[in-house]
>>> print(open('input.cif').read())   # mmCIF, C-alpha atoms
data_run
loop_
_atom_site.label_atom_id
_atom_site.label_comp_id
_atom_site.auth_asym_id
_atom_site.auth_seq_id
_atom_site.Cartn_x
_atom_site.Cartn_y
_atom_site.Cartn_z
CA MET A 1 112.06 167.70 34.53
CA LYS A 2 112.70 171.38 33.75
CA ILE A 3 113.04 172.17 30.06
CA ALA A 4 115.97 174.41 29.12
CA SER A 5 114.78 177.78 27.87
CA THR A 6 118.12 179.39 26.99
CA PRO A 7 121.19 178.10 25.12
CA GLU A 8 123.18 178.38 28.36
CA GLU A 9 120.68 176.21 30.23
CA LEU A 10 120.71 173.69 27.39
CA MET A 11 124.51 173.52 27.45
CA ALA A 12 124.45 172.94 31.20
CA GLU A 13 122.24 169.91 30.53
CA VAL A 14 124.57 168.43 27.90
CA GLU A 15 126.59 165.62 29.43
CA ILE A 16 130.04 164.76 28.07
CA SER A 17 131.28 161.20 28.52
CA PHE A 18 134.39 159.31 27.46
CA GLY A 19 132.62 156.03 28.22
CA THR A 20 132.85 154.14 24.96
CA SER A 21 130.09 151.73 25.96
CA ARG A 22 127.62 154.63 25.81
CA ILE A 23 128.44 155.59 22.24
CA GLY A 24 125.76 154.40 19.82
CA PHE A 25 127.94 152.96 17.10
CA ASP A 26 125.26 152.57 14.40
CA LYS A 27 123.93 156.14 14.66
CA THR A 28 127.42 157.65 15.03
CA SER A 29 128.70 155.79 11.98
CA GLU A 30 125.59 156.75 9.99
CA VAL A 31 125.89 160.47 10.80
CA ILE A 32 129.62 160.53 9.97
CA LYS A 33 129.07 158.66 6.67
CA ALA A 34 126.53 161.37 5.73
CA SER A 35 129.15 164.11 6.26
CA TYR A 36 131.37 165.47 3.49
CA TRP A 37 134.48 163.92 5.05
CA GLY A 38 132.92 160.55 5.89
CA GLU A 39 131.57 159.79 2.44
CA GLY A 40 132.84 156.41 1.26
CA ARG A 41 133.70 155.14 4.72
CA THR A 42 132.28 151.87 5.97
CA ASP A 43 131.18 150.64 9.37
CA ASP A 44 134.31 148.46 9.46
CA ILE A 45 136.51 151.53 8.94
CA HIS A 46 134.69 153.29 11.76
CA ARG A 47 135.03 150.30 14.09
CA ARG A 48 138.82 150.30 13.60
CA ALA A 49 139.08 154.10 13.80
CA PHE A 50 137.03 154.36 16.99
CA ALA A 51 138.87 151.44 18.62
CA ASN A 52 142.20 153.19 18.02
CA SER A 53 141.11 156.63 19.22
CA LEU A 54 140.05 158.42 22.37
CA CYS A 55 136.33 158.91 21.74
CA VAL A 56 133.86 161.23 23.43
CA GLY A 57 130.10 161.49 23.23
CA ALA A 58 127.68 164.30 24.02
CA TYR A 59 124.33 163.38 25.57
CA LEU A 60 121.13 165.27 26.23
CA ASP A 61 118.55 163.59 28.45
CA GLY A 62 120.55 160.37 28.10
CA GLU A 63 120.36 160.41 24.31
CA GLN A 64 123.54 160.80 22.28
CA VAL A 65 123.60 164.05 20.26
CA GLY A 66 127.28 164.35 19.29
CA PHE A 67 130.62 162.62 18.92
CA ALA A 68 134.30 163.43 18.50
CA ARG A 69 137.54 161.52 18.64
CA VAL A 70 141.24 162.17 18.85
CA VAL A 71 144.09 160.02 17.56
CA THR A 72 146.97 160.46 19.97
CA ASP A 73 150.12 159.05 21.55
CA TYR A 74 148.96 160.63 24.86
CA ALA A 75 152.31 162.41 25.15
CA CYS A 76 153.21 164.67 22.25
CA PHE A 77 150.55 164.82 19.52
CA ALA A 78 146.78 164.69 19.08
CA TYR A 79 144.80 164.72 15.85
CA VAL A 80 141.16 165.76 16.27
CA SER A 81 138.77 163.93 13.96
CA ASP A 82 135.10 163.22 13.31
CA VAL A 83 133.69 166.06 15.41
CA ILE A 84 130.01 165.86 14.62
CA VAL A 85 126.71 166.91 16.15
CA TRP A 86 123.47 165.29 15.07
CA PRO A 87 121.77 167.53 12.47
CA GLU A 88 118.75 168.41 14.63
CA ARG A 89 121.05 169.59 17.46
CA ARG A 90 123.52 171.72 15.51
CA GLY A 91 124.13 175.37 16.32
CA LEU A 92 123.62 174.93 20.07
CA GLY A 93 127.27 174.81 21.16
CA ILE A 94 127.56 171.04 21.51
CA GLY A 95 130.58 170.92 19.17
CA LYS A 96 132.34 173.48 21.40
CA LYS A 97 131.66 171.35 24.43
CA LEU A 98 133.12 168.27 22.70
CA ILE A 99 136.30 170.11 21.68
CA GLN A 100 136.75 171.59 25.15
CA ALA A 101 136.37 168.12 26.68
CA LEU A 102 139.14 166.76 24.46
CA LEU A 103 141.46 169.68 25.20
CA ASP A 104 140.79 169.35 28.95
CA HIS A 105 141.23 165.57 29.12
CA PRO A 106 143.81 164.89 31.87
CA GLU A 107 145.61 162.20 29.85
CA LEU A 108 146.27 164.77 27.10
CA SER A 109 147.69 167.49 29.36
CA SER A 110 151.27 167.08 28.05
CA VAL A 111 150.20 167.18 24.40
CA THR A 112 151.53 170.31 22.73
CA SER A 113 150.92 169.49 19.07
CA TRP A 114 147.23 169.40 18.16
CA SER A 115 146.02 169.26 14.56
CA LEU A 116 142.88 168.71 12.51
CA ARG A 117 141.41 169.16 9.05
CA THR A 118 138.26 171.06 8.19
CA THR A 119 136.80 172.87 5.21
CA ASP A 120 133.90 174.55 6.99
CA ALA A 121 134.47 174.90 10.74
CA GLN A 122 137.56 177.11 11.03
CA SER A 123 135.67 179.64 13.15
CA LEU A 124 134.80 176.93 15.70
CA TYR A 125 138.41 175.80 16.06
CA ASN A 126 139.80 179.35 16.02
CA LYS A 127 137.99 179.92 19.32
CA PHE A 128 140.25 177.30 20.88
CA GLY A 129 143.48 178.70 19.41
CA PHE A 130 143.73 176.53 16.30
CA GLU A 131 145.20 178.39 13.33
CA VAL A 132 145.53 177.58 9.66
CA SER A 133 149.06 176.27 9.18
CA ASN A 134 151.05 178.03 6.52
CA ASP A 135 154.38 177.72 8.30
CA GLY A 136 155.98 175.34 5.79
CA MET A 137 156.28 172.57 8.39
CA TYR A 138 152.97 170.78 7.92
CA MET A 139 153.10 168.11 5.23
CA ARG A 140 150.45 165.72 4.02
CA LEU A 141 150.24 162.48 2.07
CA ALA A 142 146.83 161.57 0.69
CA ARG A 143 146.60 158.12 -0.85
CA GLN A 144 143.95 155.66 -1.91
CA PRO A 145 143.26 152.89 0.60
CA VAL A 146 144.57 149.45 -0.19
CA ALA A 147 141.85 146.81 -0.34
CA HIS A 148 142.41 143.86 1.98
CA GLU A 149 140.83 140.54 1.20
#
>>> encode(input="input.cif", output="structure tokens")
Amino acid sequence: MKIASTPEELMAEVEISFGTSRIGFDKTSEVIKASYWGEGRTDDIHRRAFANSLCVGAYLDGEQVGFARVVTDYACFAYVSDVIVWPERRGLGIGKKLIQALLDHPELSSVTSWSLRTTDAQSLYNKFGFEVSNDGMYMRLARQPVAHE
């Protein structure tokens, strides 16, 4: 096996897959819970979130190195969420490859309204045409989750 020597060669070796059976749930949930936005989430929350989303994984030499998901109606809107690359693989362009895979997904070709939230990755999303919304149309409701027993 040839070892990639440039970032371009490494990116060519990164495989993108929408096969949910390949996604390592435990590691993915763990990495998201360690992020600033995933703090306080549980594995149960992630199970429900992943099951109700279009999920994608990034793999290098068969090992998962990234994850992203989109909540969508497959017709009009898509909300990008939980884009994450394992810490030891960050800065190599894997996040870009995950976003491009979501935008290029054939079942999302009619979607015209894409949105997301981020506090630290605006420059990544700007490369794909995302802009900060200050148009007075975007509204948000943030509430505390209701505990179910």
>>> closest_residue(input="input.cif", among="A:His105, A:Lys127, A:Lys33, A:Arg140", to="Thr72 in chain A", atoms="only C-alpha atoms")
A:His105
>>> closest_residue(input="input.cif", among="A:Phe77, A:Val83, A:Gly93, A:Leu102", to="Ser115 in chain A", atoms="all atoms listed in the file")
A:Phe77
>>> residues_around(input="input.cif", residues="Ile23 in chain A", least_positions_apart="6", cutoff="12 Å", atoms="only C-alpha atoms", output="VMD selection string")
chain A and resid 16 to 17 29 47 50 to 51 54 to 59 62 to 69
>>> resolve_selection(input="input.cif", expression="the PyMOL selection byres ((chain A and resi 109-111) around 9)", output="list in words")
Thr72, Asp73, Tyr74, Ala75, Cys76, Phe77, Ala78, Leu103, Asp104, His105, Pro106, Glu107, Leu108, Thr112, Ser113 and Trp114 of chain A
>>> atom_distance(input="input.cif", atom1="CA of Thr118 in chain A", atom2="CA of Trp37 in chain A")
8.7 Å
>>> atom_distance(input="input.cif", atom1="CA of Val85 in chain A", atom2="CA of Ser35 in chain A")
10.6 Å
>>> closest_residue(input="input.cif", among="A:Asp120, A:Glu15, A:Asp61, A:Asp82", to="Ala34 in chain A", atoms="all atoms listed in the file")
A:Asp82
>>> residues_near_point(input="input.cif", point="(150.0, 170.8, 9.7)", cutoff="10 Å", atoms="all atoms listed in the file", output="PDB file with C-alpha atoms, in the coordinates of the input")
ATOM      1  CA  SER A 113     150.920 169.490  19.070  1.00  0.00           C
ATOM      2  CA  TRP A 114     147.230 169.400  18.160  1.00  0.00           C
ATOM      3  CA  SER A 115     146.020 169.260  14.560  1.00  0.00           C
ATOM      4  CA  LEU A 116     142.880 168.710  12.510  1.00  0.00           C
ATOM      5  CA  ARG A 117     141.410 169.160   9.050  1.00  0.00           C
ATOM      6  CA  GLU A 131     145.200 178.390  13.330  1.00  0.00           C
ATOM      7  CA  VAL A 132     145.530 177.580   9.660  1.00  0.00           C
ATOM      8  CA  SER A 133     149.060 176.270   9.180  1.00  0.00           C
ATOM      9  CA  ASN A 134     151.050 178.030   6.520  1.00  0.00           C
ATOM     10  CA  ASP A 135     154.380 177.720   8.300  1.00  0.00           C
ATOM     11  CA  GLY A 136     155.980 175.340   5.790  1.00  0.00           C
ATOM     12  CA  MET A 137     156.280 172.570   8.390  1.00  0.00           C
ATOM     13  CA  TYR A 138     152.970 170.780   7.920  1.00  0.00           C
ATOM     14  CA  MET A 139     153.100 168.110   5.230  1.00  0.00           C
ATOM     15  CA  ARG A 140     150.450 165.720   4.020  1.00  0.00           C
TER      16      ARG A 140
END
>>> atom_distance(input="input.cif", atom1="CA of Arg143 in chain A", atom2="CA of Phe25 in chain A")
26.4 Å
>>> build_atoms(input="input.cif", residues="range 78-89 of chain A", atoms="all heavy atoms", output="PDB file, in the coordinates of the input")
ATOM      1  N   ALA A  78     148.198 165.062  19.111  1.00  0.00           N
ATOM      2  CA  ALA A  78     146.780 164.690  19.080  1.00  0.00           C
ATOM      3  C   ALA A  78     146.183 165.208  17.784  1.00  0.00           C
ATOM      4  O   ALA A  78     146.397 166.362  17.420  1.00  0.00           O
ATOM      5  CB  ALA A  78     146.045 165.252  20.281  1.00  0.00           C
ATOM      6  N   TYR A  79     145.470 164.350  17.098  1.00  0.00           N
ATOM      7  CA  TYR A  79     144.800 164.720  15.850  1.00  0.00           C
ATOM      8  C   TYR A  79     143.298 164.584  16.070  1.00  0.00           C
ATOM      9  O   TYR A  79     142.782 163.490  16.289  1.00  0.00           O
ATOM     10  CB  TYR A  79     145.266 163.796  14.711  1.00  0.00           C
ATOM     11  CG  TYR A  79     144.641 164.136  13.388  1.00  0.00           C
ATOM     12  CD1 TYR A  79     145.189 165.127  12.583  1.00  0.00           C
ATOM     13  CD2 TYR A  79     143.495 163.484  12.958  1.00  0.00           C
ATOM     14  CE1 TYR A  79     144.602 165.450  11.370  1.00  0.00           C
ATOM     15  CE2 TYR A  79     142.901 163.807  11.752  1.00  0.00           C
ATOM     16  CZ  TYR A  79     143.457 164.782  10.963  1.00  0.00           C
ATOM     17  OH  TYR A  79     142.877 165.115   9.770  1.00  0.00           O
ATOM     18  N   VAL A  80     142.601 165.709  16.042  1.00  0.00           N
ATOM     19  CA  VAL A  80     141.160 165.760  16.270  1.00  0.00           C
ATOM     20  C   VAL A  80     140.447 165.328  14.988  1.00  0.00           C
ATOM     21  O   VAL A  80     140.792 165.784  13.896  1.00  0.00           O
ATOM     22  CB  VAL A  80     140.719 167.178  16.673  1.00  0.00           C
ATOM     23  CG1 VAL A  80     139.211 167.241  16.872  1.00  0.00           C
ATOM     24  CG2 VAL A  80     141.463 167.632  17.927  1.00  0.00           C
ATOM     25  N   SER A  81     139.452 164.458  15.140  1.00  0.00           N
ATOM     26  CA  SER A  81     138.770 163.930  13.960  1.00  0.00           C
ATOM     27  C   SER A  81     137.300 163.654  14.268  1.00  0.00           C
ATOM     28  O   SER A  81     136.920 163.434  15.422  1.00  0.00           O
ATOM     29  CB  SER A  81     139.460 162.630  13.529  1.00  0.00           C
ATOM     30  OG  SER A  81     138.953 162.158  12.313  1.00  0.00           O
ATOM     31  N   ASP A  82     136.503 163.632  13.229  1.00  0.00           N
ATOM     32  CA  ASP A  82     135.100 163.220  13.310  1.00  0.00           C
ATOM     33  C   ASP A  82     134.288 163.963  14.356  1.00  0.00           C
ATOM     34  O   ASP A  82     133.434 163.368  15.034  1.00  0.00           O
ATOM     35  CB  ASP A  82     134.996 161.705  13.537  1.00  0.00           C
ATOM     36  CG  ASP A  82     135.485 160.894  12.351  1.00  0.00           C
ATOM     37  OD1 ASP A  82     135.483 161.423  11.229  1.00  0.00           O
ATOM     38  OD2 ASP A  82     135.879 159.727  12.552  1.00  0.00           O
ATOM     39  N   VAL A  83     134.523 165.249  14.505  1.00  0.00           N
ATOM     40  CA  VAL A  83     133.690 166.060  15.410  1.00  0.00           C
ATOM     41  C   VAL A  83     132.359 166.271  14.688  1.00  0.00           C
ATOM     42  O   VAL A  83     132.319 166.880  13.618  1.00  0.00           O
ATOM     43  CB  VAL A  83     134.359 167.404  15.734  1.00  0.00           C
ATOM     44  CG1 VAL A  83     133.449 168.238  16.634  1.00  0.00           C
ATOM     45  CG2 VAL A  83     135.719 167.192  16.365  1.00  0.00           C
ATOM     46  N   ILE A  84     131.302 165.752  15.286  1.00  0.00           N
ATOM     47  CA  ILE A  84     130.010 165.860  14.620  1.00  0.00           C
ATOM     48  C   ILE A  84     128.880 165.934  15.637  1.00  0.00           C
ATOM     49  O   ILE A  84     128.935 165.293  16.689  1.00  0.00           O
ATOM     50  CB  ILE A  84     129.788 164.688  13.623  1.00  0.00           C
ATOM     51  CG1 ILE A  84     128.646 165.005  12.665  1.00  0.00           C
ATOM     52  CG2 ILE A  84     129.613 163.362  14.340  1.00  0.00           C
ATOM     53  CD1 ILE A  84     128.804 164.372  11.304  1.00  0.00           C
ATOM     54  N   VAL A  85     127.908 166.757  15.327  1.00  0.00           N
ATOM     55  CA  VAL A  85     126.710 166.910  16.150  1.00  0.00           C
ATOM     56  C   VAL A  85     125.538 166.486  15.263  1.00  0.00           C
ATOM     57  O   VAL A  85     125.503 166.800  14.072  1.00  0.00           O
ATOM     58  CB  VAL A  85     126.542 168.370  16.632  1.00  0.00           C
ATOM     59  CG1 VAL A  85     125.225 168.564  17.366  1.00  0.00           C
ATOM     60  CG2 VAL A  85     127.734 168.764  17.502  1.00  0.00           C
ATOM     61  N   TRP A  86     124.610 165.758  15.843  1.00  0.00           N
ATOM     62  CA  TRP A  86     123.470 165.290  15.070  1.00  0.00           C
ATOM     63  C   TRP A  86     122.764 166.503  14.448  1.00  0.00           C
ATOM     64  O   TRP A  86     122.637 167.552  15.092  1.00  0.00           O
ATOM     65  CB  TRP A  86     122.505 164.516  15.945  1.00  0.00           C
ATOM     66  CG  TRP A  86     122.932 163.176  16.488  1.00  0.00           C
ATOM     67  CD1 TRP A  86     122.090 162.290  17.099  1.00  0.00           C
ATOM     68  CD2 TRP A  86     124.227 162.551  16.514  1.00  0.00           C
ATOM     69  NE1 TRP A  86     122.800 161.170  17.494  1.00  0.00           N
ATOM     70  CE2 TRP A  86     124.113 161.303  17.141  1.00  0.00           C
ATOM     71  CE3 TRP A  86     125.498 162.928  16.062  1.00  0.00           C
ATOM     72  CZ2 TRP A  86     125.179 160.429  17.329  1.00  0.00           C
ATOM     73  CZ3 TRP A  86     126.579 162.064  16.254  1.00  0.00           C
ATOM     74  CH2 TRP A  86     126.409 160.839  16.864  1.00  0.00           C
ATOM     75  N   PRO A  87     122.320 166.375  13.205  1.00  0.00           N
ATOM     76  CA  PRO A  87     121.770 167.530  12.470  1.00  0.00           C
ATOM     77  C   PRO A  87     120.727 168.347  13.223  1.00  0.00           C
ATOM     78  O   PRO A  87     120.745 169.579  13.190  1.00  0.00           O
ATOM     79  CB  PRO A  87     121.179 166.898  11.208  1.00  0.00           C
ATOM     80  CG  PRO A  87     122.005 165.677  11.001  1.00  0.00           C
ATOM     81  CD  PRO A  87     122.318 165.164  12.390  1.00  0.00           C
ATOM     82  N   GLU A  88     119.826 167.686  13.933  1.00  0.00           N
ATOM     83  CA  GLU A  88     118.750 168.410  14.630  1.00  0.00           C
ATOM     84  C   GLU A  88     119.232 169.129  15.880  1.00  0.00           C
ATOM     85  O   GLU A  88     118.477 169.886  16.488  1.00  0.00           O
ATOM     86  CB  GLU A  88     117.597 167.449  14.971  1.00  0.00           C
ATOM     87  CG  GLU A  88     117.948 166.359  15.962  1.00  0.00           C
ATOM     88  CD  GLU A  88     118.613 165.110  15.350  1.00  0.00           C
ATOM     89  OE1 GLU A  88     118.993 165.128  14.158  1.00  0.00           O
ATOM     90  OE2 GLU A  88     118.750 164.125  16.087  1.00  0.00           O
ATOM     91  N   ARG A  89     120.498 168.954  16.261  1.00  0.00           N
ATOM     92  CA  ARG A  89     121.050 169.590  17.460  1.00  0.00           C
ATOM     93  C   ARG A  89     122.180 170.564  17.150  1.00  0.00           C
ATOM     94  O   ARG A  89     122.836 171.068  18.061  1.00  0.00           O
ATOM     95  CB  ARG A  89     121.574 168.515  18.439  1.00  0.00           C
ATOM     96  CG  ARG A  89     120.513 167.565  18.928  1.00  0.00           C
ATOM     97  CD  ARG A  89     119.487 168.296  19.749  1.00  0.00           C
ATOM     98  NE  ARG A  89     118.565 167.335  20.349  1.00  0.00           N
ATOM     99  CZ  ARG A  89     117.693 167.654  21.261  1.00  0.00           C
ATOM    100  NH1 ARG A  89     117.619 168.893  21.699  1.00  0.00           N
ATOM    101  NH2 ARG A  89     116.876 166.753  21.746  1.00  0.00           N
TER     102      ARG A  89
END
